[in-house]
$ cat input36.cif   # mmCIF, C-alpha atoms
data_my_file
#
loop_
_atom_site.label_atom_id
_atom_site.label_comp_id
_atom_site.auth_asym_id
_atom_site.auth_seq_id
_atom_site.Cartn_x
_atom_site.Cartn_y
_atom_site.Cartn_z
CA MET A 281 66.23 174.66 156.57
CA ASN A 282 64.61 176.20 153.51
CA ILE A 283 63.80 173.48 151.02
CA LEU A 284 63.64 176.04 148.20
CA HIS A 285 67.29 176.89 148.79
CA TYR A 286 68.29 173.28 148.22
CA SER A 287 65.90 172.93 145.31
CA ALA A 288 67.58 175.86 143.53
CA PHE A 289 71.04 174.51 144.37
CA ARG A 290 70.19 171.06 143.02
CA ALA A 291 68.71 172.51 139.84
CA ILE A 292 71.86 174.55 139.19
CA MET A 293 74.05 171.51 139.75
CA LEU A 294 71.95 169.45 137.33
CA THR A 295 71.72 172.05 134.55
CA GLY A 296 75.00 173.93 135.01
CA THR A 297 73.36 177.35 134.65
CA VAL A 298 71.07 179.68 136.58
CA LYS A 299 68.84 179.96 133.51
CA GLY A 300 68.42 176.19 133.29
CA ALA A 301 67.72 175.96 137.00
CA ALA A 302 65.05 178.67 136.71
CA GLU A 303 63.24 176.62 134.06
CA ILE A 304 63.31 173.44 136.17
CA ILE A 305 61.91 174.95 139.37
CA ASN A 306 59.68 177.44 137.52
CA LYS A 307 61.22 180.55 139.06
CA SER A 308 62.88 183.64 137.58
CA GLN A 309 66.65 183.74 137.22
CA SER A 310 66.87 186.52 139.79
CA THR A 311 64.88 184.42 142.26
CA VAL A 312 67.19 181.44 141.71
CA SER A 313 70.22 183.67 142.33
CA ARG A 314 68.69 184.99 145.56
CA LEU A 315 67.90 181.44 146.72
CA LEU A 316 71.45 180.35 146.03
CA ASP A 317 72.83 183.40 147.87
CA GLY A 318 70.56 182.57 150.80
CA LEU A 319 71.84 178.98 150.95
CA GLU A 320 75.49 180.09 150.89
CA HIS A 321 74.72 182.64 153.62
CA ASP A 322 72.99 180.03 155.80
CA LEU A 323 75.87 177.57 155.35
CA ASP A 324 78.54 180.27 155.54
CA LEU A 325 80.11 178.54 152.56
CA SER A 326 80.86 179.36 148.93
CA LEU A 327 79.32 176.73 146.69
CA PHE A 328 80.13 178.33 143.31
CA THR A 329 82.72 180.58 141.74
CA ARG A 330 81.28 183.25 139.45
CA ARG A 331 83.24 184.65 136.46
CA LYS A 332 81.85 186.63 133.55
CA GLY A 333 78.40 185.07 133.78
CA LEU A 334 79.71 181.56 134.30
CA ILE A 335 79.02 179.62 137.50
CA THR A 336 81.35 176.80 138.54
CA PRO A 337 80.68 174.41 141.47
CA THR A 338 83.28 174.18 144.22
CA PRO A 339 84.38 170.78 145.63
CA GLU A 340 82.11 171.45 148.59
CA ALA A 341 79.16 171.83 146.23
CA TYR A 342 79.68 168.31 144.88
CA MET A 343 79.87 166.91 148.40
CA LEU A 344 76.65 168.71 149.34
CA LEU A 345 74.92 167.48 146.18
CA GLU A 346 75.61 163.88 147.16
CA GLN A 347 73.69 164.39 150.41
CA VAL A 348 70.92 166.38 148.74
CA GLU A 349 70.36 163.58 146.22
CA LYS A 350 69.89 161.12 149.07
CA VAL A 351 67.17 163.34 150.50
CA TYR A 352 65.42 163.69 147.13
CA SER A 353 65.59 159.94 146.62
CA SER A 354 63.91 159.44 149.99
CA LEU A 355 61.26 162.02 149.11
CA GLU A 356 60.49 160.19 145.87
CA SER A 357 60.15 156.93 147.78
CA LEU A 358 57.85 158.65 150.26
CA LYS A 359 55.77 160.07 147.44
CA SER A 360 55.44 156.67 145.81
CA PHE A 361 54.58 155.02 149.13
CA SER A 362 51.94 157.66 149.93
CA LYS A 363 50.35 157.22 146.52
CA LYS A 364 50.10 153.45 146.94
CA LEU A 365 48.82 153.83 150.49
CA SER A 366 46.04 156.22 149.46
CA SER A 367 44.95 153.88 146.67
CA GLY A 368 44.86 150.87 148.97
CA ASP A 369 47.69 149.12 147.13
CA LEU A 370 50.03 148.98 150.09
CA GLY A 371 49.79 148.15 153.76
CA THR A 372 50.89 145.64 156.35
CA VAL A 373 48.28 143.77 158.35
CA THR A 374 49.29 141.80 161.43
CA ILE A 375 46.88 139.05 162.43
CA GLY A 376 46.92 136.92 165.56
CA SER A 377 45.00 133.68 165.43
CA MET A 378 44.31 130.59 167.47
CA PRO A 379 45.45 127.43 165.63
CA ALA A 380 41.93 126.27 164.77
CA LEU A 381 41.58 129.21 162.39
CA GLY A 382 45.23 130.01 161.75
CA THR A 383 46.39 126.72 160.24
CA GLN A 384 43.98 126.45 157.30
CA PHE A 385 41.05 128.88 157.45
CA ILE A 386 43.01 132.16 157.63
CA PRO A 387 45.38 131.18 154.75
CA ALA A 388 42.36 130.28 152.60
CA SER A 389 40.73 133.61 153.43
CA LEU A 390 43.87 135.58 152.58
CA LYS A 391 44.00 133.84 149.22
CA ALA A 392 40.54 135.27 148.58
CA THR A 393 41.79 138.80 149.31
CA LYS A 394 44.61 138.36 146.81
CA GLU A 395 42.16 137.16 144.18
CA CYS A 396 40.31 140.47 144.69
CA GLY A 397 43.47 142.37 143.76
CA ASP A 398 44.67 143.12 147.28
CA LYS A 399 48.41 143.93 147.36
CA SER A 400 48.81 144.22 151.12
CA ARG A 401 51.46 142.38 153.11
CA TYR A 402 50.17 140.03 155.81
CA ILE A 403 51.85 138.79 158.97
CA VAL A 404 49.97 135.86 160.52
CA ASN A 405 51.02 134.88 164.04
CA VAL A 406 49.47 131.63 165.26
CA ALA A 407 49.30 130.89 168.99
CA MET A 408 46.92 129.65 171.66
CA SER A 409 44.01 131.93 172.59
CA PRO A 410 45.57 133.44 175.77
CA GLN A 411 48.58 134.60 173.74
CA VAL A 412 46.35 136.15 171.05
CA GLU A 413 44.42 137.90 173.80
CA GLU A 414 47.68 139.32 175.18
CA TRP A 415 48.74 140.56 171.74
CA ALA A 416 45.42 142.37 171.34
CA ALA A 417 45.61 143.87 174.84
CA PHE A 418 49.09 145.26 174.15
CA GLN A 419 48.09 146.56 170.68
CA ARG A 420 50.60 144.30 168.89
CA ILE A 421 48.21 143.06 166.20
CA ASP A 422 45.66 144.72 163.93
CA PHE A 423 43.09 142.09 164.85
CA GLY A 424 42.94 138.54 166.12
CA PHE A 425 40.82 135.47 166.70
CA ALA A 426 40.62 133.73 170.05
CA GLU A 427 38.26 131.52 172.02
CA TYR A 428 36.17 132.89 174.89
CA PRO A 429 36.41 133.73 177.79
CA PHE A 430 38.83 136.67 178.15
CA THR A 431 40.45 138.19 181.23
CA ARG A 432 42.28 141.22 179.80
CA THR A 433 41.19 144.67 178.64
CA GLY A 434 42.54 146.95 175.92
CA PHE A 435 40.48 145.53 173.05
CA ARG A 436 36.89 145.07 171.99
CA SER A 437 35.53 141.68 171.08
CA GLU A 438 32.82 140.63 168.65
CA VAL A 439 31.30 137.19 168.31
CA PHE A 440 32.87 135.62 165.24
CA SER A 441 31.43 132.11 165.49
CA GLU A 442 29.36 129.95 167.80
CA ALA A 443 28.96 127.06 165.37
CA PRO A 444 29.16 123.65 167.07
CA TYR A 445 32.03 121.20 167.13
CA MET A 446 31.69 118.27 164.71
CA ALA A 447 32.46 114.58 165.08
CA ALA A 448 35.22 113.05 162.96
CA VAL A 449 35.35 109.26 162.48
CA PRO A 450 37.63 107.04 160.36
CA ILE A 451 35.75 106.27 157.16
CA LYS A 452 36.29 102.52 157.58
CA HIS A 453 34.81 102.38 161.09
CA PRO A 454 31.17 101.19 161.44
CA LEU A 455 30.23 104.48 163.13
CA SER A 456 30.90 106.28 159.83
CA ARG A 457 27.58 104.88 158.57
CA LYS A 458 25.71 106.99 161.12
CA ASP A 459 24.28 110.43 160.38
CA PHE A 460 25.37 111.85 163.73
CA LEU A 461 27.08 110.78 166.94
CA GLN A 462 25.98 110.95 170.57
CA PRO A 463 27.88 110.26 173.83
CA ASN A 464 26.90 106.56 173.86
CA ASP A 465 28.58 106.06 170.48
CA LEU A 466 31.95 107.05 171.88
CA LYS A 467 32.17 103.83 173.91
CA ASP A 468 32.57 101.87 170.70
CA ILE A 469 35.77 103.48 169.42
CA PRO A 470 39.08 104.83 170.78
CA PHE A 471 38.52 108.51 171.45
CA ILE A 472 40.85 111.49 170.98
CA THR A 473 39.95 114.05 173.61
CA TRP A 474 40.90 117.68 174.32
CA SER A 475 43.44 119.00 176.76
CA HIS A 476 41.84 120.02 180.06
CA HIS A 477 42.73 123.72 179.74
CA LEU A 478 40.38 124.19 176.78
CA SER A 479 37.03 125.71 177.74
CA ALA A 480 35.04 123.20 175.66
CA SER A 481 36.70 120.31 177.51
CA THR A 482 34.77 121.04 180.71
CA LEU A 483 31.46 121.19 178.85
CA PHE A 484 32.22 117.92 177.07
CA GLU A 485 32.99 116.21 180.38
CA GLN A 486 29.68 117.44 181.81
CA ILE A 487 27.83 116.05 178.81
CA LEU A 488 29.44 112.64 179.30
CA ILE A 489 28.57 112.64 183.03
CA SER A 490 24.94 113.58 182.30
CA ALA A 491 24.70 110.76 179.76
CA GLY A 492 26.28 108.29 182.18
CA VAL A 493 29.07 107.56 179.73
CA GLU A 494 32.65 106.87 180.75
CA ILE A 495 35.38 106.81 178.15
CA GLU A 496 39.09 106.20 178.43
CA PRO A 497 40.75 108.65 176.00
CA ALA A 498 43.21 106.97 173.68
CA TYR A 499 44.92 110.30 172.92
CA GLN A 500 44.76 113.89 174.10
CA THR A 501 45.59 117.07 172.19
CA SER A 502 44.92 120.81 172.29
CA LEU A 503 44.58 121.23 168.51
CA SER A 504 41.69 120.21 166.28
CA PHE A 505 44.09 119.92 163.36
CA THR A 506 46.17 117.36 165.26
CA ALA A 507 43.05 115.48 166.33
CA PHE A 508 41.87 115.35 162.72
CA GLU A 509 45.23 113.99 161.58
CA MET A 510 44.93 111.22 164.20
CA VAL A 511 41.45 110.35 162.95
CA LYS A 512 42.76 110.31 159.39
CA LEU A 513 45.35 107.74 160.46
CA GLY A 514 42.65 105.56 162.02
CA LEU A 515 43.71 106.16 165.64
CA GLY A 516 40.21 106.96 166.85
CA ALA A 517 37.31 109.41 166.72
CA ALA A 518 37.38 113.05 167.79
CA LEU A 519 35.41 116.27 168.05
CA VAL A 520 36.91 119.00 165.87
CA ASP A 521 36.04 122.66 165.44
CA PRO A 522 33.65 123.55 162.58
CA PHE A 523 36.34 125.30 160.53
CA THR A 524 38.70 122.33 160.54
CA ALA A 525 35.71 120.06 159.95
CA ASN A 526 34.46 121.94 156.91
CA ILE A 527 37.82 122.41 155.23
CA ASN A 528 38.24 118.63 155.43
CA LEU A 529 34.59 117.80 154.81
CA ASP A 530 35.20 115.60 151.78
CA HIS A 531 38.32 113.82 153.00
CA GLU A 532 38.53 110.28 151.69
CA CYS A 533 39.68 108.85 155.03
CA VAL A 534 37.39 110.70 157.46
CA LYS A 535 33.63 111.05 157.89
CA ILE A 536 32.48 114.39 159.35
CA MET A 537 29.09 114.49 161.06
CA PRO A 538 27.17 116.43 163.75
CA PHE A 539 27.55 115.61 167.45
CA TYR A 540 24.66 115.90 169.93
CA PRO A 541 24.20 117.62 172.25
CA LYS A 542 25.86 120.53 170.54
CA ILE A 543 29.03 122.05 171.97
CA PRO A 544 29.50 125.60 170.65
CA PHE A 545 32.88 126.69 169.38
CA LYS A 546 32.90 130.24 170.76
CA VAL A 547 35.37 132.36 168.85
CA ALA A 548 35.69 136.15 168.98
CA LEU A 549 37.21 138.76 166.73
CA LEU A 550 39.53 140.92 168.85
CA ILE A 551 40.25 144.50 167.79
CA PRO A 552 42.77 146.55 169.83
CA ASP A 553 41.39 149.79 171.29
CA THR A 554 44.11 152.23 170.28
CA ARG A 555 45.62 150.70 167.14
CA PRO A 556 44.01 152.40 164.10
CA GLN A 557 42.39 150.10 161.56
CA SER A 558 43.81 150.60 158.07
CA ALA A 559 41.83 150.10 154.88
CA ALA A 560 43.80 146.89 154.29
CA SER A 561 42.89 145.61 157.76
CA ARG A 562 39.20 146.36 157.27
CA LEU A 563 39.24 144.60 153.91
CA ALA A 564 40.89 141.54 155.46
CA ILE A 565 38.27 141.35 158.23
CA LYS A 566 35.47 141.66 155.69
CA THR A 567 36.92 138.92 153.47
CA ILE A 568 37.58 136.59 156.41
CA ALA A 569 34.00 137.10 157.67
CA SER A 570 32.67 136.32 154.19
CA ASN A 571 34.70 133.11 154.07
CA ARG A 572 33.37 132.22 157.54
CA ASP A 573 29.81 132.56 156.29
CA LYS A 574 30.53 130.18 153.44
CA ILE A 575 32.17 127.64 155.72
CA ILE A 576 29.60 127.76 158.51
CA GLY A 577 26.85 127.49 155.90
CA MET A 578 28.43 124.34 154.50
CA VAL A 579 28.69 122.83 157.98
CA LYS A 580 25.03 123.53 158.66
CA LEU A 581 24.05 121.59 155.54
CA ASN A 582 25.22 118.49 157.39
CA ASP A 583 23.44 119.36 160.63
#

$ encode --input "input36.cif" --output "structure tokens"
Amino acid sequence: MNILHYSAFRAIMLTGTVKGAAEIINKSQSTVSRLLDGLEHDLDLSLFTRRKGLITPTPEAYMLLEQVEKVYSSLESLKSFSKKLSSGDLGTVTIGSMPALGTQFIPASLKATKECGDKSRYIVNVAMSPQVEEWAAFQRIDFGFAEYPFTRTGFRSEVFSEAPYMAAVPIKHPLSRKDFLQPNDLKDIPFITWSHHLSASTLFEQILISAGVEIEPAYQTSLSFTAFEMVKLGLGAALVDPFTANINLDHECVKIMPFYPKIPFKVALLIPDTRPQSAASRLAIKTIASNRDKIIGMVKLND
């Protein structure tokens, strides 16, 4: 297919004359005539009748024009898309995130990218860490956030946060007057513990054993957000991740404070090995990291 053939044909159909077509595509009239002859030869079809200098389209020419216009419309869309893509105004970023970051922190970070003029489209898939790890391994996301450790390959990981978990206590409970909590304090209030499959759960149990403290959990959950909601309702105390803790730092019903000994919340940024990072993806990672620094800094003020 010679695109110039179709360009000359389209120009003739739009202007009605070879002269007009020559002006549109910036070619000589003789060149336009040769291009048209070449198209008719390639198609083995007469597209125009020629009489005394006049050129009249055949019915087949109108049918061909309909298809040619569809192609040109697609080319214009492609041109517009390419222009936006090169200027950073367009792109789709797919993020996978564990719930601790995906429910509140990631949305707040994406708001910051929009305030910077970012026009990208974001897809945020929230799931437990093993699922995010699988997405990264199979190159299904641009980047993700999951808790250590990992068992798969196909991605590189970078430490995103090792800030410690924080204690959350109902504001009306006597323990809310403390500056921090320790294992012995947990005997004085119903406690909301973690599900056993979470990596921090084992470390927390070891801390309780070392301190000689036995507690009977009032509730159990795998999500910090759910634990925080239970604390807010006065159902007990809990340890919540530093991101959930900070976003709700000034809640009127909950007191957030440090817990000792510290239990690190080990989160990694996962970047698939073979999925290219777009400009929009790199901007999102940079903005999310900046928001992390603000949040972790605010948590440390209370430590």

$ residues_around --input "input36.cif" --residues "A:Ala517" --least-positions-apart "3" --cutoff "6 Å" --atoms "all atoms listed in the file" --output "number ranges by chain"
A: 448-449, 471-472, 511

$ residues_near_point --input "input36.cif" --point "(26.4, 138.8, 168.7)" --cutoff "12 Å" --atoms "only C-alpha atoms" --output "JSON, numbers by chain"
{"A": [437, 438, 439, 440, 441, 442, 546, 547, 548, 549]}

$ write_last_selection --input "input36.cif" --atoms "C-alpha atoms" --output "CSV table (one decimal), in the frame of the given file"
chain,number,residue,atom,x,y,z
A,437,SER,CA,35.5,141.7,171.1
A,438,GLU,CA,32.8,140.6,168.6
A,439,VAL,CA,31.3,137.2,168.3
A,440,PHE,CA,32.9,135.6,165.2
A,441,SER,CA,31.4,132.1,165.5
A,442,GLU,CA,29.4,130.0,167.8
A,546,LYS,CA,32.9,130.2,170.8
A,547,VAL,CA,35.4,132.4,168.8
A,548,ALA,CA,35.7,136.2,169.0
A,549,LEU,CA,37.2,138.8,166.7

$ residues_around --input "input36.cif" --residues "A:Leu519" --least-positions-apart "6" --cutoff "10 Å" --atoms "only C-alpha atoms" --output "ChimeraX atom specification"
/A:444-449,471-474,484,504,507-508,511,525,536-539,543

$ atom_distance --input "input36.cif" --atom1 "atom CA of A:Lys350" --atom2 "atom CA of A:Thr311"
24.8 Å

$ residues_around --input "input36.cif" --residues "stretch 316-332 of chain A" --least-positions-apart "5" --cutoff "6 Å" --atoms "only C-alpha atoms" --output "PyMOL selection string"
chain A and resi 285+337-338+341

$ residues_near_point --input "input36.cif" --point "(43.5, 127.3, 164.8)" --cutoff "9 Å" --atoms "all atoms listed in the file" --output "list in words"
Ser377, Met378, Pro379, Ala380, Leu381, Gly382, Thr383, Gln384, Phe385, Ile386, Val406, Ala407, Met408, Phe425, Ala426, Leu503, Ser504, Phe505, Asp521, Phe523 and Thr524 of chain A

$ residues_around --input "input36.cif" --residues "A:Glu496" --least-positions-apart "4" --cutoff "12 Å" --atoms "only C-alpha atoms" --output "PyMOL selection string"
chain A and resi 466-473+485+488+500+516

$ resolve_selection --input "input36.cif" --expression "the PyMOL selection byres ((chain A and resi 393) around 10)" --output "PDB file with C-alpha atoms, in the coordinates of the input"
ATOM      1  CA  ALA A 388      42.360 130.280 152.600  1.00  0.00           C
ATOM      2  CA  SER A 389      40.730 133.610 153.430  1.00  0.00           C
ATOM      3  CA  LEU A 390      43.870 135.580 152.580  1.00  0.00           C
ATOM      4  CA  LYS A 391      44.000 133.840 149.220  1.00  0.00           C
ATOM      5  CA  ALA A 392      40.540 135.270 148.580  1.00  0.00           C
ATOM      6  CA  LYS A 394      44.610 138.360 146.810  1.00  0.00           C
ATOM      7  CA  GLU A 395      42.160 137.160 144.180  1.00  0.00           C
ATOM      8  CA  CYS A 396      40.310 140.470 144.690  1.00  0.00           C
ATOM      9  CA  GLY A 397      43.470 142.370 143.760  1.00  0.00           C
ATOM     10  CA  ASP A 398      44.670 143.120 147.280  1.00  0.00           C
ATOM     11  CA  LYS A 399      48.410 143.930 147.360  1.00  0.00           C
ATOM     12  CA  SER A 400      48.810 144.220 151.120  1.00  0.00           C
ATOM     13  CA  ALA A 560      43.800 146.890 154.290  1.00  0.00           C
ATOM     14  CA  LEU A 563      39.240 144.600 153.910  1.00  0.00           C
ATOM     15  CA  ALA A 564      40.890 141.540 155.460  1.00  0.00           C
ATOM     16  CA  ILE A 565      38.270 141.350 158.230  1.00  0.00           C
ATOM     17  CA  LYS A 566      35.470 141.660 155.690  1.00  0.00           C
ATOM     18  CA  THR A 567      36.920 138.920 153.470  1.00  0.00           C
ATOM     19  CA  ILE A 568      37.580 136.590 156.410  1.00  0.00           C
TER      20      ILE A 568
END

$ resolve_selection --input "input36.cif" --expression "the PyMOL selection byres ((chain A and resi 423) around 10)" --output "count of residues only"
28

$ resolve_selection --input "input36.cif" --expression "the PyMOL selection byres ((chain A and resi 430) around 8)" --output "PyMOL selection string"
chain A and resi 410+413+428-429+431-432

$ write_last_selection --input "input36.cif" --atoms "C-alpha atoms" --output "short mmCIF file (atom, residue, chain, number, x, y, z; two decimals), in the coordinates of the input"
data_model
loop_
_atom_site.label_atom_id
_atom_site.label_comp_id
_atom_site.auth_asym_id
_atom_site.auth_seq_id
_atom_site.Cartn_x
_atom_site.Cartn_y
_atom_site.Cartn_z
CA PRO A 410 45.57 133.44 175.77
CA GLU A 413 44.42 137.90 173.80
CA TYR A 428 36.17 132.89 174.89
CA PRO A 429 36.41 133.73 177.79
CA THR A 431 40.45 138.19 181.23
CA ARG A 432 42.28 141.22 179.80
#

$ closest_residue --input "input36.cif" --among "A:Phe545, A:Phe460, A:Tyr540, A:Tyr286" --to "A:Val348" --atoms "only C-alpha atoms"
A:Tyr286

$ closest_residue --input "input36.cif" --among "A:Gly300, A:Gly371, A:Gly434, A:Gly577" --to "A:Asp553" --atoms "all atoms listed in the file"
A:Gly434

$ closest_residue --input "input36.cif" --among "A:Met343, A:Val312, A:Pro522, A:Phe289" --to "A:Ala443" --atoms "only C-alpha atoms"
A:Pro522

$ closest_residue --input "input36.cif" --among "A:Lys359, A:Arg457, A:His476, A:Arg572" --to "A:Lys535" --atoms "all atoms listed in the file"
A:Arg457

$ atom_distance --input "input36.cif" --atom1 "atom CA of A:Ile576" --atom2 "atom CA of A:Thr482"
23.8 Å

$ atom_distance --input "input36.cif" --atom1 "atom CA of A:Arg290" --atom2 "atom CA of A:Glu346"
9.9 Å

$ closest_residue --input "input36.cif" --among "A:Ile283, A:Ser479, A:Pro463, A:Ile403" --to "A:Leu355" --atoms "all atoms listed in the file"
A:Ile283

$ closest_residue --input "input36.cif" --among "A:Thr501, A:Asn571, A:Thr336, A:Asn464" --to "A:Leu478" --atoms "all atoms listed in the file"
A:Thr501

$ build_atoms --input "input36.cif" --residues "stretch 483-494 of chain A" --atoms "N, CA and C atoms" --output "JSON list (two decimals), keeping the file's coordinate frame"
[["chain", "number", "residue", "atom", "x", "y", "z"],
["A", 483, "LEU", "N", 32.84, 121.41, 179.30],
["A", 483, "LEU", "CA", 31.46, 121.19, 178.85],
["A", 483, "LEU", "C", 31.29, 119.77, 178.32],
["A", 484, "PHE", "N", 32.27, 119.28, 177.60],
["A", 484, "PHE", "CA", 32.22, 117.92, 177.07],
["A", 484, "PHE", "C", 32.18, 116.90, 178.21],
["A", 485, "GLU", "N", 32.98, 117.11, 179.23],
["A", 485, "GLU", "CA", 32.99, 116.21, 180.38],
["A", 485, "GLU", "C", 31.63, 116.20, 181.09],
["A", 486, "GLN", "N", 31.00, 117.35, 181.20],
["A", 486, "GLN", "CA", 29.68, 117.44, 181.81],
["A", 486, "GLN", "C", 28.63, 116.68, 181.00],
["A", 487, "ILE", "N", 28.76, 116.77, 179.69],
["A", 487, "ILE", "CA", 27.83, 116.05, 178.81],
["A", 487, "ILE", "C", 27.97, 114.53, 179.01],
["A", 488, "LEU", "N", 29.20, 114.06, 179.10],
["A", 488, "LEU", "CA", 29.44, 112.64, 179.30],
["A", 488, "LEU", "C", 28.88, 112.17, 180.65],
["A", 489, "ILE", "N", 29.08, 112.99, 181.69],
["A", 489, "ILE", "CA", 28.57, 112.64, 183.03],
["A", 489, "ILE", "C", 27.05, 112.57, 183.01],
["A", 490, "SER", "N", 26.40, 113.55, 182.37],
["A", 490, "SER", "CA", 24.94, 113.58, 182.30],
["A", 490, "SER", "C", 24.39, 112.38, 181.55],
["A", 491, "ALA", "N", 25.15, 111.91, 180.56],
["A", 491, "ALA", "CA", 24.70, 110.76, 179.76],
["A", 491, "ALA", "C", 25.11, 109.44, 180.41],
["A", 492, "GLY", "N", 25.85, 109.51, 181.51],
["A", 492, "GLY", "CA", 26.28, 108.29, 182.18],
["A", 492, "GLY", "C", 27.29, 107.51, 181.38],
["A", 493, "VAL", "N", 28.09, 108.21, 180.60],
["A", 493, "VAL", "CA", 29.07, 107.56, 179.73],
["A", 493, "VAL", "C", 30.47, 107.82, 180.27],
["A", 494, "GLU", "N", 31.24, 106.74, 180.38],
["A", 494, "GLU", "CA", 32.65, 106.87, 180.75],
["A", 494, "GLU", "C", 33.51, 106.39, 179.59]]
